[in-house]
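run.tsv (TSV, C-alpha atoms and all ligand atoms)
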```
chain	number	residue	atom	x	y	z
A	1	MET	CA	38.76	15.86	11.50
A	2	ALA	CA	36.01	14.46	9.33
A	3	GLU	CA	33.27	12.76	11.25
A	4	ILE	CA	32.46	9.22	10.31
A	5	GLU	CA	28.95	9.33	9.01
A	6	GLU	CA	26.69	6.84	10.71
A	7	GLU	CA	24.31	5.00	8.42
A	8	VAL	CA	20.75	6.22	8.79
A	9	ILE	CA	18.17	3.44	9.10
A	10	ASP	CA	15.11	4.42	7.13
A	11	LEU	CA	11.93	2.59	8.15
A	12	ARG	CA	9.53	5.30	6.98
A	13	SER	CA	8.23	3.31	4.01
A	14	ASP	CA	9.06	0.62	1.49
A	15	THR	CA	8.83	3.39	-1.13
A	16	VAL	CA	12.38	4.47	-0.21
A	17	THR	CA	13.79	1.35	-1.90
A	18	LEU	CA	16.19	2.11	-4.74
A	19	PRO	CA	16.31	0.18	-8.02
A	20	THR	CA	18.69	-2.78	-8.21
A	21	GLU	CA	21.74	-2.76	-10.51
A	22	GLU	CA	19.87	-5.13	-12.79
A	23	MET	CA	16.96	-2.70	-12.99
A	24	LEU	CA	19.27	0.17	-13.90
A	25	GLU	CA	20.84	-2.01	-16.58
A	26	ALA	CA	17.39	-2.92	-17.92
A	27	ILE	CA	16.46	0.77	-18.10
A	28	ARG	CA	19.62	1.43	-20.11
A	29	ASN	CA	18.83	-1.37	-22.57
A	30	ALA	CA	15.04	-1.05	-22.83
A	31	LYS	CA	13.45	-1.05	-26.29
A	32	LEU	CA	11.41	2.15	-26.45
A	33	GLY	CA	8.62	3.75	-28.45
A	34	ASP	CA	5.77	6.22	-28.02
A	35	ASP	CA	3.33	4.66	-25.59
A	36	CYS	CA	0.53	7.11	-26.49
A	37	PHE	CA	0.64	5.32	-29.88
A	38	ARG	CA	0.89	1.98	-28.01
A	39	GLU	CA	4.33	1.60	-29.59
A	40	ASP	CA	6.53	1.07	-26.56
A	41	PRO	CA	7.34	-2.67	-26.63
A	42	THR	CA	8.62	-2.68	-23.05
A	43	VAL	CA	5.42	-1.11	-21.71
A	44	ASN	CA	3.31	-3.52	-23.76
A	45	MET	CA	5.27	-6.44	-22.37
A	46	LEU	CA	4.92	-5.31	-18.76
A	47	GLU	CA	1.18	-4.73	-19.17
A	48	GLU	CA	0.72	-8.20	-20.63
A	49	MET	CA	2.76	-9.76	-17.82
A	50	ALA	CA	0.77	-7.88	-15.17
A	51	ALA	CA	-2.59	-8.91	-16.64
A	52	ASP	CA	-1.46	-12.51	-16.87
A	53	LYS	CA	-0.14	-12.58	-13.32
A	54	MET	CA	-3.41	-11.21	-11.97
A	55	GLY	CA	-5.58	-13.49	-14.11
A	56	LYS	CA	-7.26	-10.57	-15.88
A	57	GLU	CA	-7.53	-9.53	-19.54
A	58	ALA	CA	-5.52	-6.32	-19.61
A	59	ALA	CA	-3.40	-3.86	-17.65
A	60	LEU	CA	-2.31	-0.23	-17.82
A	61	LEU	CA	0.91	1.33	-16.53
A	62	VAL	CA	0.30	4.55	-14.59
A	63	THR	CA	2.55	6.99	-12.79
A	64	SER	CA	1.65	6.29	-9.16
A	65	GLY	CA	-0.63	4.41	-6.83
A	66	THR	CA	-2.68	7.55	-6.30
A	67	GLN	CA	-3.16	7.94	-10.04
A	68	ALA	CA	-3.99	4.23	-10.32
A	69	ASN	CA	-6.76	4.58	-7.73
A	70	LEU	CA	-8.19	7.74	-9.29
A	71	VAL	CA	-8.10	6.28	-12.82
A	72	SER	CA	-9.74	3.08	-11.54
A	73	LEU	CA	-12.45	4.81	-9.52
A	74	MET	CA	-13.33	7.07	-12.44
A	75	SER	CA	-13.30	4.13	-14.86
A	76	ASN	CA	-15.70	2.16	-12.64
A	77	THR	CA	-18.20	4.97	-12.03
A	78	LYS	CA	-19.79	8.16	-13.34
A	79	ARG	CA	-19.79	11.59	-11.70
A	80	GLY	CA	-22.28	11.87	-8.86
A	81	ASP	CA	-22.08	8.19	-7.90
A	82	SER	CA	-21.28	7.09	-4.37
A	83	VAL	CA	-18.47	4.70	-3.55
A	84	ILE	CA	-18.21	2.51	-0.45
A	85	LEU	CA	-14.74	2.32	1.05
A	86	GLU	CA	-13.11	1.45	4.37
A	87	SER	CA	-12.91	4.45	6.70
A	88	GLU	CA	-9.14	4.09	7.23
A	89	SER	CA	-8.39	3.40	3.58
A	90	HIS	CA	-5.58	5.07	1.64
A	91	ILE	CA	-8.08	6.40	-0.91
A	92	TYR	CA	-10.04	8.13	1.86
A	93	TRP	CA	-7.02	9.42	3.81
A	94	TYR	CA	-4.05	10.05	1.63
A	95	GLU	CA	-5.14	10.86	-1.89
A	96	VAL	CA	-6.02	14.54	-1.45
A	97	GLY	CA	-9.71	13.73	-1.84
A	98	GLY	CA	-9.16	13.21	-5.57
A	99	LEU	CA	-12.18	10.95	-5.90
A	100	SER	CA	-14.38	13.94	-4.97
A	101	ALA	CA	-12.23	16.82	-6.21
A	102	ILE	CA	-11.66	15.31	-9.65
A	103	GLY	CA	-13.85	12.22	-9.91
A	104	GLY	CA	-17.05	13.88	-8.68
A	105	LEU	CA	-17.66	10.91	-6.37
A	106	LEU	CA	-19.21	10.77	-2.91
A	107	PRO	CA	-17.28	8.48	-0.56
A	108	ILE	CA	-19.30	6.43	1.92
A	109	PRO	CA	-16.81	5.30	4.59
A	110	VAL	CA	-17.50	2.04	6.42
A	111	LYS	CA	-15.49	1.19	9.53
A	112	GLY	CA	-13.68	-2.13	9.23
A	113	HIS	CA	-12.00	-4.54	11.64
A	114	LEU	CA	-8.24	-4.72	10.96
A	115	GLY	CA	-9.01	-3.05	7.65
A	116	VAL	CA	-11.71	-5.49	6.59
A	117	MET	CA	-15.31	-4.30	6.21
A	118	ASP	CA	-18.09	-6.56	7.43
A	119	PRO	CA	-20.28	-7.56	4.46
A	120	GLU	CA	-23.39	-6.72	6.48
A	121	ASP	CA	-22.13	-3.19	7.17
A	122	VAL	CA	-21.38	-2.80	3.48
A	123	GLU	CA	-24.83	-3.97	2.53
A	124	GLU	CA	-26.27	-1.47	5.01
A	125	ALA	CA	-24.26	1.36	3.43
A	126	ILE	CA	-25.49	0.74	-0.11
A	127	ARG	CA	-27.96	3.44	-1.05
A	128	PRO	CA	-31.13	1.94	-2.53
A	129	LYS	CA	-32.52	3.39	-5.72
A	130	ASP	CA	-34.31	6.57	-4.65
A	131	ILE	CA	-34.55	10.02	-6.19
A	132	HIS	CA	-32.81	11.51	-3.12
A	133	PHE	CA	-29.77	9.25	-3.17
A	134	PRO	CA	-26.54	9.29	-5.10
A	135	GLU	CA	-26.36	5.94	-6.84
A	136	THR	CA	-23.89	3.53	-5.23
A	137	THR	CA	-21.91	1.77	-7.95
A	138	LEU	CA	-18.64	0.62	-6.43
A	139	ILE	CA	-17.14	-1.05	-3.35
A	140	CYS	CA	-13.41	-0.58	-2.68
A	141	ILE	CA	-11.18	-2.76	-0.55
A	142	GLU	CA	-7.51	-2.33	0.33
A	143	ASN	CA	-5.04	-5.23	0.52
A	144	THR	CA	-2.78	-5.25	2.43
A	145	HIS	CA	-4.42	-2.55	4.51
A	146	ASN	CA	-1.95	0.24	5.14
A	147	ARG	CA	-3.42	2.17	8.09
A	148	ALA	CA	-4.61	-1.03	9.77
A	149	GLY	CA	-0.94	-2.08	9.91
A	150	GLY	CA	-0.32	-4.06	6.74
A	151	THR	CA	-3.07	-6.56	7.49
A	152	VAL	CA	-4.22	-9.09	4.92
A	153	VAL	CA	-7.78	-9.20	3.57
A	154	ARG	CA	-8.22	-12.93	3.11
A	155	PRO	CA	-9.59	-14.46	-0.10
A	156	GLU	CA	-12.76	-15.72	1.60
A	157	GLN	CA	-13.41	-12.22	3.00
A	158	ILE	CA	-13.08	-10.79	-0.50
A	159	ARG	CA	-15.48	-13.39	-1.83
A	160	ALA	CA	-18.06	-12.47	0.81
A	161	LEU	CA	-17.86	-8.82	-0.27
A	162	LYS	CA	-18.11	-9.86	-3.91
A	163	GLU	CA	-21.37	-11.64	-3.11
A	164	VAL	CA	-22.79	-8.41	-1.67
A	165	ALA	CA	-21.55	-6.47	-4.69
A	166	GLU	CA	-23.13	-8.93	-7.09
A	167	ALA	CA	-26.43	-9.01	-5.24
A	168	HIS	CA	-26.68	-5.23	-5.70
A	169	ASN	CA	-25.13	-5.03	-9.15
A	170	LEU	CA	-22.06	-3.12	-7.92
A	171	ARG	CA	-18.45	-3.55	-8.90
A	172	LEU	CA	-15.71	-4.56	-6.48
A	173	TYR	CA	-12.31	-2.83	-6.78
A	174	MET	CA	-9.12	-3.62	-4.87
A	175	ASP	CA	-6.40	-1.11	-3.99
A	176	GLY	CA	-3.71	-3.78	-4.01
A	177	ALA	CA	-0.74	-1.43	-3.63
A	178	ARG	CA	0.92	-4.21	-1.59
A	179	ILE	CA	-1.06	-7.21	-2.86
A	180	PHE	CA	2.09	-9.31	-3.29
A	181	ASN	CA	2.80	-8.87	0.41
A	182	ALA	CA	-0.61	-10.42	1.04
A	183	ALA	CA	0.10	-13.31	-1.33
A	184	VAL	CA	3.51	-13.97	0.21
A	185	ALA	CA	2.09	-13.77	3.75
A	186	LEU	CA	-0.55	-16.43	3.05
A	187	ARG	CA	1.73	-18.38	0.69
A	188	VAL	CA	-0.92	-18.44	-2.03
A	189	ASP	CA	-0.98	-17.36	-5.66
A	190	VAL	CA	-1.93	-13.70	-6.03
A	191	ARG	CA	-4.91	-14.81	-8.14
A	192	GLU	CA	-6.58	-16.07	-4.97
A	193	PHE	CA	-7.03	-12.39	-4.12
A	194	THR	CA	-7.79	-11.08	-7.59
A	195	ARG	CA	-10.35	-13.64	-8.74
A	196	HIS	CA	-13.20	-12.12	-6.71
A	197	VAL	CA	-12.59	-8.48	-7.66
A	198	ASP	CA	-13.58	-6.87	-10.94
A	199	ASN	CA	-10.39	-4.87	-11.15
A	200	LEU	CA	-7.46	-3.72	-9.07
A	201	MET	CA	-4.21	-1.81	-8.93
A	202	PHE	CA	-0.81	-2.70	-7.53
A	203	CYS	CA	2.40	-0.72	-7.03
A	204	LEU	CA	5.83	-1.43	-8.46
A	205	SER	CA	7.39	1.37	-6.43
A	206	LYS	CA	7.00	-0.06	-2.92
A	207	GLY	CA	8.50	-3.35	-1.74
A	208	LEU	CA	9.10	-4.41	-5.34
A	209	SER	CA	11.82	-1.71	-5.42
A	210	CYS	CA	11.05	0.01	-8.73
A	211	PRO	CA	11.66	3.75	-8.92
A	212	VAL	CA	8.23	4.60	-10.41
A	213	GLY	CA	4.94	3.07	-11.43
A	214	SER	CA	1.75	1.21	-10.67
A	215	LEU	CA	-0.51	-1.00	-12.77
A	216	VAL	CA	-4.27	-0.90	-13.17
A	217	VAL	CA	-5.60	-4.37	-14.05
A	218	GLY	CA	-9.01	-5.58	-15.25
A	219	SER	CA	-11.13	-6.41	-18.29
A	220	GLU	CA	-10.24	-5.20	-21.80
A	221	GLU	CA	-13.21	-2.86	-21.71
A	222	PHE	CA	-12.29	-1.42	-18.32
A	223	ILE	CA	-8.68	-0.85	-19.33
A	224	GLU	CA	-9.73	0.85	-22.55
A	225	ARG	CA	-11.72	3.34	-20.48
A	226	ALA	CA	-8.87	3.63	-17.98
A	227	ARG	CA	-6.49	4.50	-20.81
A	228	ARG	CA	-8.65	7.47	-21.79
A	229	ILE	CA	-9.01	8.63	-18.20
A	230	ARG	CA	-5.26	8.33	-17.61
A	231	LYS	CA	-4.86	10.62	-20.62
A	232	ILE	CA	-7.34	13.18	-19.21
A	233	LEU	CA	-5.39	13.21	-15.96
A	234	GLY	CA	-2.15	13.93	-17.81
A	235	GLY	CA	-0.79	10.45	-17.25
A	236	GLY	CA	-0.24	9.49	-20.88
A	237	MET	CA	3.49	8.91	-21.19
A	238	ARG	CA	5.77	8.58	-24.19
A	239	GLN	CA	8.91	6.37	-23.91
A	240	ALA	CA	7.59	4.91	-20.68
A	241	GLY	CA	9.61	1.75	-21.30
A	242	ILE	CA	12.24	3.22	-19.01
A	243	ILE	CA	9.66	2.86	-16.23
A	244	ALA	CA	8.34	-0.49	-17.44
A	245	ALA	CA	11.76	-2.16	-17.77
A	246	PRO	CA	12.45	-2.37	-14.02
A	247	GLY	CA	8.80	-3.36	-13.55
A	248	ILE	CA	9.38	-6.50	-15.60
A	249	ILE	CA	12.30	-7.43	-13.36
A	250	ALA	CA	10.18	-6.71	-10.30
A	251	LEU	CA	7.50	-9.15	-11.43
A	252	GLU	CA	10.07	-11.78	-12.31
A	253	LYS	CA	12.40	-11.52	-9.35
A	254	MET	CA	11.32	-9.27	-6.52
A	255	ILE	CA	8.16	-10.92	-5.22
A	256	ASP	CA	9.49	-13.91	-3.31
A	257	ARG	CA	11.99	-11.82	-1.38
A	258	LEU	CA	9.14	-9.92	0.32
A	259	GLU	CA	9.07	-12.79	2.79
A	260	GLU	CA	12.38	-11.56	4.16
A	261	ASP	CA	10.74	-8.19	4.93
A	262	HIS	CA	7.93	-9.98	6.75
A	263	ILE	CA	10.36	-12.02	8.84
A	264	ASN	CA	12.27	-8.85	9.71
A	265	ALA	CA	9.05	-7.02	10.62
A	266	ARG	CA	8.07	-9.85	12.93
A	267	PHE	CA	11.51	-9.86	14.58
A	268	LEU	CA	11.29	-6.08	15.00
A	269	ALA	CA	7.77	-6.24	16.43
A	270	GLU	CA	8.67	-8.96	18.92
A	271	GLY	CA	11.70	-6.96	20.06
A	272	LEU	CA	9.65	-3.79	20.46
A	273	ALA	CA	6.92	-5.61	22.36
A	274	LYS	CA	9.50	-6.49	25.03
A	275	ILE	CA	10.42	-2.84	25.66
A	276	ASP	CA	8.67	-1.53	28.76
A	277	GLY	CA	6.45	1.46	27.92
A	278	LEU	CA	5.72	0.44	24.31
A	279	ARG	CA	2.71	-1.47	23.09
A	280	VAL	CA	2.68	-3.60	19.96
A	281	ASN	CA	-0.29	-5.68	18.87
A	282	LEU	CA	1.55	-8.66	17.40
A	283	LYS	CA	-1.63	-10.04	15.90
A	284	ILE	CA	-1.72	-7.29	13.30
A	285	VAL	CA	1.92	-7.70	12.26
A	286	GLN	CA	1.14	-9.89	9.26
A	287	THR	CA	3.41	-8.39	6.58
A	288	ASN	CA	6.07	-5.64	6.52
A	289	ILE	CA	4.43	-2.92	8.66
A	290	VAL	CA	4.76	-2.52	12.44
A	291	HIS	CA	2.67	-0.13	14.52
A	292	VAL	CA	3.96	0.84	17.96
A	293	ASP	CA	1.88	2.69	20.54
A	294	VAL	CA	4.16	5.09	22.44
A	295	SER	CA	1.44	6.82	24.47
A	296	GLY	CA	2.40	4.83	27.58
A	297	LEU	CA	5.52	7.04	27.73
A	298	LYS	CA	3.36	10.19	27.88
A	299	VAL	CA	4.78	11.54	24.64
A	300	THR	CA	3.17	12.04	21.25
A	301	SER	CA	4.28	9.97	18.31
A	302	ASN	CA	5.99	13.04	16.80
A	303	GLN	CA	7.96	13.69	20.00
A	304	PHE	CA	9.08	10.08	20.01
A	305	ILE	CA	9.98	10.26	16.33
A	306	ASP	CA	12.25	13.26	17.02
A	307	GLU	CA	14.15	11.19	19.59
A	308	LEU	CA	14.63	8.43	17.06
A	309	ARG	CA	15.70	10.78	14.28
A	310	ARG	CA	18.44	12.31	16.44
A	311	ARG	CA	19.80	8.79	16.83
A	312	GLY	CA	19.69	7.94	13.13
A	313	LEU	CA	16.40	6.07	12.85
A	314	LEU	CA	13.64	7.40	10.57
A	315	VAL	CA	10.00	6.37	11.05
A	316	LEU	CA	6.59	7.97	10.42
A	317	PRO	CA	3.66	8.71	12.72
A	318	ARG	CA	0.55	6.56	12.28
A	319	ASP	CA	-1.47	8.94	14.48
A	320	ARG	CA	-0.85	10.84	17.74
A	321	ARG	CA	-0.26	7.65	19.72
A	322	LYS	CA	1.37	5.31	17.27
A	323	ILE	CA	4.46	5.27	15.11
A	324	ARG	CA	4.80	3.17	11.98
A	325	MET	CA	7.85	1.20	10.87
A	326	VAL	CA	8.13	-0.50	7.49
A	327	THR	CA	10.70	-3.10	6.48
A	328	HIS	CA	11.99	-3.36	2.92
A	329	ARG	CA	14.88	-4.40	0.68
A	330	GLY	CA	18.09	-2.92	2.08
A	331	ILE	CA	16.97	-3.39	5.67
A	332	GLU	CA	18.68	-6.46	7.04
A	333	ARG	CA	18.71	-8.20	10.38
A	334	LYS	CA	21.65	-6.08	11.59
A	335	HIS	CA	19.66	-2.90	10.86
A	336	ILE	CA	16.69	-4.24	12.78
A	337	LYS	CA	18.93	-4.98	15.75
A	338	LYS	CA	20.38	-1.47	15.58
A	339	ALA	CA	16.89	0.00	15.28
A	340	LEU	CA	15.81	-1.91	18.39
A	341	SER	CA	18.74	-0.57	20.38
A	342	ILE	CA	18.00	2.98	19.20
A	343	VAL	CA	14.37	2.64	20.29
A	344	GLU	CA	15.48	1.26	23.63
A	345	GLU	CA	17.83	4.21	24.15
A	346	ALA	CA	15.11	6.69	23.24
A	347	VAL	CA	12.68	5.08	25.67
A	348	GLU	CA	15.27	5.17	28.46
A	349	GLU	CA	16.03	8.82	27.76
A	350	ILE	CA	12.34	9.77	27.85
A	351	LYS	CA	11.84	7.92	31.14
A	352	ARG	CA	14.94	9.54	32.65
A	353	ARG	CA	13.73	13.00	31.71
A	354	ARG	CA	10.34	12.32	33.22
A	355	GLU	CA	11.88	11.20	36.52
A	356	ASN	CA	14.08	14.29	36.73
A	357	ARG	CA	11.22	16.69	36.21
B	401	LIG	C1	1.18	3.79	-1.20
B	401	LIG	C2	-0.23	3.45	-1.38
B	401	LIG	C3	-0.98	4.02	-2.42
B	401	LIG	C4	-0.50	5.17	-3.29
B	401	LIG	O1	0.69	5.08	-3.86
B	401	LIG	P1	1.54	6.35	-4.34
B	401	LIG	O2	2.39	5.74	-5.37
B	401	LIG	O3	2.25	6.83	-3.14
B	401	LIG	O4	0.61	7.36	-4.91
B	401	LIG	C5	-2.28	3.62	-2.56
B	401	LIG	N1	-2.82	2.72	-1.75
B	401	LIG	C6	-2.15	2.15	-0.74
B	401	LIG	C7	-2.81	1.15	0.13
B	401	LIG	C8	-0.83	2.52	-0.52
B	401	LIG	O5	-0.17	1.97	0.52
```
What's the structure tokens form of this structure?
Ligand SMILES: *Cc1c(COP(=O)(O)O)cnc(C)c1O
Amino acid sequence: MAEIEEEVIDLRSDTVTLPTEEMLEAIRNAKLGDDCFREDPTVNMLEEMAADKMGKEAALLVTSGTQANLVSLMSNTKRGDSVILESESHIYWYEVGGLSAIGGLLPIPVKGHLGVMDPEDVEEAIRPKDIHFPETTLICIENTHNRAGGTVVRPEQIRALKEVAEAHNLRLYMDGARIFNAAVALRVDVREFTRHVDNLMFCLSKGLSCPVGSLVVGSEEFIERARRIRKILGGGMRQAGIIAAPGIIALEKMIDRLEEDHINARFLAEGLAKIDGLRVNLKIVQTNIVHVDVSGLKVTSNQFIDELRRRGLLVLPRDRRKIRMVTHRGIERKHIKKALSIVEEAVEEIKRRRENR
């Protein structure tokens, strides 16, 4: 007898989102050309839309968020420079050290609070002009901050960092992979976050549900340089309109719905906080990411994750103590309720085993 397959609930990341029917239709109908000759009308249209939305002069479609960050860092600096970034940032943790391995850059990590660096600490980290020092030319921020738990860097905090950057003649760059989550969370126009940075990137492939793609956004001059560096890195694409077409739909239609993910994340977090043995800091649940500390159960995050996986719930570790859950399109209230009951079961099972030992 065939088993009825239970639906797996996937809260590993908002990158698991699949394109909508409308996106697939747009891919099928996209007007295409060779983008290395700047002749793909769909790419050109998406880049114009992205620049306009961010209040900047120009934009460039790239293959991934990691490529967007590397292209941007290299476009803002020269080899041998030092770059100030938050010590838990995606660029520092999850991008294979590309800024050093390929960009020739020295990262100077500064510890932040909920992902936000204190302007005074940043100022302290800037290397003064001295023959011994690598020149510091760039400050990077991340918004929302992934490893901090999807926390928002507020516009006034960005402005304070911009003042430091300006005082020392540095540029300010924003890894805005999930910048629309920040805008939706504060209910402000995304330009409130972009106006104080020189340039930024954002991802189409996360909560916005596109299959591929990120955009680098900034001045004409910066984007011209970025276009050359993208080419060096092998990121020059041909009929990339098939990637840009769903991106246009994402910018038109997929931003406002992020609020639903935030509401679901909050519901999830509040439910988890009530389960004895788990710890959730509700203050940091500001967007679509939930961190849960499972160390009170005397298991590692990976041991806990195995228990969840066996019951049809997929999540990722944040570190040895914490797991990470991310809400996204396709995860509805009923899935959150199911996820909560799976977590509850897993916790009970772990406690039972401990008592019987
Ligand atoms: C996901 C993410 C990236 C990188 O995106 P990829 O497309 O996975 O390379 C960069 N920065 C942040 C903050 C992210 O969350």
Using all atoms listed in the file, I'd like a table of the residues in chain A that come within 10 Å of ligand LIG 401 (chain B); for each, show the closest atom pair and its distance in Å rounded to one decimal, ordered by chain and ascending number, as JSON lines.
```
{"residue": "A:Ser13", "atom": "CA", "partner": "B:LIG401", "partner_atom": "C1", "distance": 8.8}
{"residue": "A:Asp14", "atom": "CA", "partner": "B:LIG401", "partner_atom": "C1", "distance": 8.9}
{"residue": "A:Thr15", "atom": "CA", "partner": "B:LIG401", "partner_atom": "C1", "distance": 7.7}
{"residue": "A:Val62", "atom": "CA", "partner": "B:LIG401", "partner_atom": "O2", "distance": 9.5}
{"residue": "A:Thr63", "atom": "CA", "partner": "B:LIG401", "partner_atom": "O2", "distance": 7.5}
{"residue": "A:Ser64", "atom": "CA", "partner": "B:LIG401", "partner_atom": "O2", "distance": 3.9}
{"residue": "A:Gly65", "atom": "CA", "partner": "B:LIG401", "partner_atom": "O1", "distance": 3.3}
{"residue": "A:Thr66", "atom": "CA", "partner": "B:LIG401", "partner_atom": "O4", "distance": 3.6}
{"residue": "A:Gln67", "atom": "CA", "partner": "B:LIG401", "partner_atom": "O4", "distance": 6.4}
{"residue": "A:Ala68", "atom": "CA", "partner": "B:LIG401", "partner_atom": "O4", "distance": 7.8}
{"residue": "A:Asn69", "atom": "CA", "partner": "B:LIG401", "partner_atom": "C5", "distance": 6.9}
{"residue": "A:Leu70", "atom": "CA", "partner": "B:LIG401", "partner_atom": "O4", "distance": 9.8}
{"residue": "A:Glu88", "atom": "CA", "partner": "B:LIG401", "partner_atom": "C7", "distance": 10.0}
{"residue": "A:Ser89", "atom": "CA", "partner": "B:LIG401", "partner_atom": "C7", "distance": 6.9}
{"residue": "A:His90", "atom": "CA", "partner": "B:LIG401", "partner_atom": "N1", "distance": 5.0}
{"residue": "A:Ile91", "atom": "CA", "partner": "B:LIG401", "partner_atom": "N1", "distance": 6.5}
{"residue": "A:Tyr92", "atom": "CA", "partner": "B:LIG401", "partner_atom": "N1", "distance": 9.7}
{"residue": "A:Trp93", "atom": "CA", "partner": "B:LIG401", "partner_atom": "N1", "distance": 9.7}
{"residue": "A:Tyr94", "atom": "CA", "partner": "B:LIG401", "partner_atom": "C4", "distance": 7.8}
{"residue": "A:Glu95", "atom": "CA", "partner": "B:LIG401", "partner_atom": "O4", "distance": 7.4}
{"residue": "A:Ile141", "atom": "CA", "partner": "B:LIG401", "partner_atom": "C7", "distance": 9.3}
{"residue": "A:Glu142", "atom": "CA", "partner": "B:LIG401", "partner_atom": "C7", "distance": 5.9}
{"residue": "A:Asn143", "atom": "CA", "partner": "B:LIG401", "partner_atom": "C7", "distance": 6.8}
{"residue": "A:Thr144", "atom": "CA", "partner": "B:LIG401", "partner_atom": "C7", "distance": 6.8}
{"residue": "A:His145", "atom": "CA", "partner": "B:LIG401", "partner_atom": "C7", "distance": 6.0}
{"residue": "A:Asn146", "atom": "CA", "partner": "B:LIG401", "partner_atom": "C7", "distance": 5.2}
{"residue": "A:Arg147", "atom": "CA", "partner": "B:LIG401", "partner_atom": "C7", "distance": 8.0}
{"residue": "A:Gly150", "atom": "CA", "partner": "B:LIG401", "partner_atom": "O5", "distance": 8.7}
{"residue": "A:Met174", "atom": "CA", "partner": "B:LIG401", "partner_atom": "C7", "distance": 9.4}
{"residue": "A:Asp175", "atom": "CA", "partner": "B:LIG401", "partner_atom": "N1", "distance": 5.7}
{"residue": "A:Gly176", "atom": "CA", "partner": "B:LIG401", "partner_atom": "C7", "distance": 6.5}
{"residue": "A:Ala177", "atom": "CA", "partner": "B:LIG401", "partner_atom": "C6", "distance": 4.8}
{"residue": "A:Arg178", "atom": "CA", "partner": "B:LIG401", "partner_atom": "O5", "distance": 6.6}
{"residue": "A:Ile179", "atom": "CA", "partner": "B:LIG401", "partner_atom": "C7", "distance": 9.0}
{"residue": "A:Met201", "atom": "CA", "partner": "B:LIG401", "partner_atom": "C5", "distance": 8.6}
{"residue": "A:Phe202", "atom": "CA", "partner": "B:LIG401", "partner_atom": "C5", "distance": 8.2}
{"residue": "A:Cys203", "atom": "CA", "partner": "B:LIG401", "partner_atom": "O2", "distance": 6.7}
{"residue": "A:Leu204", "atom": "CA", "partner": "B:LIG401", "partner_atom": "O2", "distance": 8.5}
{"residue": "A:Ser205", "atom": "CA", "partner": "B:LIG401", "partner_atom": "O2", "distance": 6.7}
{"residue": "A:Lys206", "atom": "CA", "partner": "B:LIG401", "partner_atom": "C1", "distance": 7.2}
{"residue": "A:Val212", "atom": "CA", "partner": "B:LIG401", "partner_atom": "O2", "distance": 7.8}
{"residue": "A:Gly213", "atom": "CA", "partner": "B:LIG401", "partner_atom": "O2", "distance": 7.1}
{"residue": "A:Ser214", "atom": "CA", "partner": "B:LIG401", "partner_atom": "O2", "distance": 7.0}
```
| query | Rounded to one decimal in Å, what is the spacing between CA of Asn281 (chain A) and CA of Arg12 (chain A)? | reply |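 Rounded to one decimal, the two atoms are 18.9 Å apart.
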| field | Non-local contacts of region 345-353 of chain A (6 Å; all atoms listed in the file; under 3 positions in same chain excluded) as a list in words | value | Glu307, Ile342 and Asn356 of chain A
| Contacts of Phe222 (chain A) at 12 Å or less, counting all atoms listed in the file, minus same-chain residues fewer than 2 places along, as a list in words? | Lys56, Glu57, Ala58, Ala59, Leu60, Val71, Ser72, Leu73, Met74, Ser75, Asn76, Thr77, Arg171, Tyr173, Asp198, Asn199, Leu200, Val216, Val217, Gly218, Ser219, Glu220, Glu224, Arg225, Ala226, Arg227, Arg228 and Ile229 of chain A
Contacts of region 249-293 of chain A with region 325-341 of chain A up to 10 Å, shortest pair per row, only C-alpha atoms, as CSV:
```
residue,atom,partner,partner_atom,distance
A:Met254,CA,A:Arg329,CA,9.4
A:Arg257,CA,A:Arg329,CA,8.2
A:Leu258,CA,A:His328,CA,7.6
A:Glu259,CA,A:His328,CA,9.9
A:Glu260,CA,A:His328,CA,8.3
A:Asp261,CA,A:Thr327,CA,5.3
A:His262,CA,A:Thr327,CA,7.4
A:Ile263,CA,A:Thr327,CA,9.2
A:Asn264,CA,A:Arg333,CA,6.5
A:Ala265,CA,A:Thr327,CA,5.9
A:Arg266,CA,A:Thr327,CA,9.7
A:Phe267,CA,A:Ile336,CA,7.9
A:Leu268,CA,A:Ile336,CA,6.1
A:Ala269,CA,A:Met325,CA,9.3
A:Gly271,CA,A:Leu340,CA,6.7
A:Leu272,CA,A:Leu340,CA,6.8
A:Ile275,CA,A:Leu340,CA,9.1
A:Thr287,CA,A:Thr327,CA,9.0
A:Asn288,CA,A:Thr327,CA,5.3
A:Ile289,CA,A:Val326,CA,4.6
A:Val290,CA,A:Met325,CA,5.1
A:His291,CA,A:Met325,CA,6.5
A:Val292,CA,A:Met325,CA,8.1
```
| note | The residue from A:Val294, A:Val96, A:Val184, A:Ile126 with the smallest atom-to-atom distance to Val280 (chain A), counting all atoms listed in the file, is A:Val294
| message | Report as a PyMOL selection string all protein, DNA and RNA residues lying within 7 Å of region 194-197 of chain A, evaluated on only C-alpha atoms, omitting residues in the same chain fewer than 4 positions from it. | response | chain A and resi 54+158-159+162+172-174+190
| Could you state the separation of CA of Glu39 (chain A) and CA of Gly236 (chain A) in Å, given to one decimal place? | 12.6 Å
| field | Nearest to Ala51 (chain A) by atom-to-atom distance, counting all atoms listed in the file, from A:Val315, A:Leu308, A:Arg191, A:Met237 | value |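 Of the candidates, the smallest distance to Ala51 (chain A) is held by A:Arg191.
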| said: Ranking A:Leu297, A:Ala185, A:Ala240, A:Met45 by minimum distance to Val153 (chain A) and counting all atoms listed in the file, which one comes first? | reply: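 Ranked by minimum distance to Val153 (chain A), first place goes to A:Ala185.
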| field | Atomic separation - CA of Lys298 (chain A) relative to CA of Lys322 (chain A), Å | value | 11.8 Å
| request: Would you list the contacts of region 108-124 of chain A as number ranges by chain, taking every protein, DNA or RNA residue within 6 Å and counting only C-alpha atoms, but skipping same-chain residues closer than 5 positions in sequence? | output: A: 83-87, 145, 148, 161
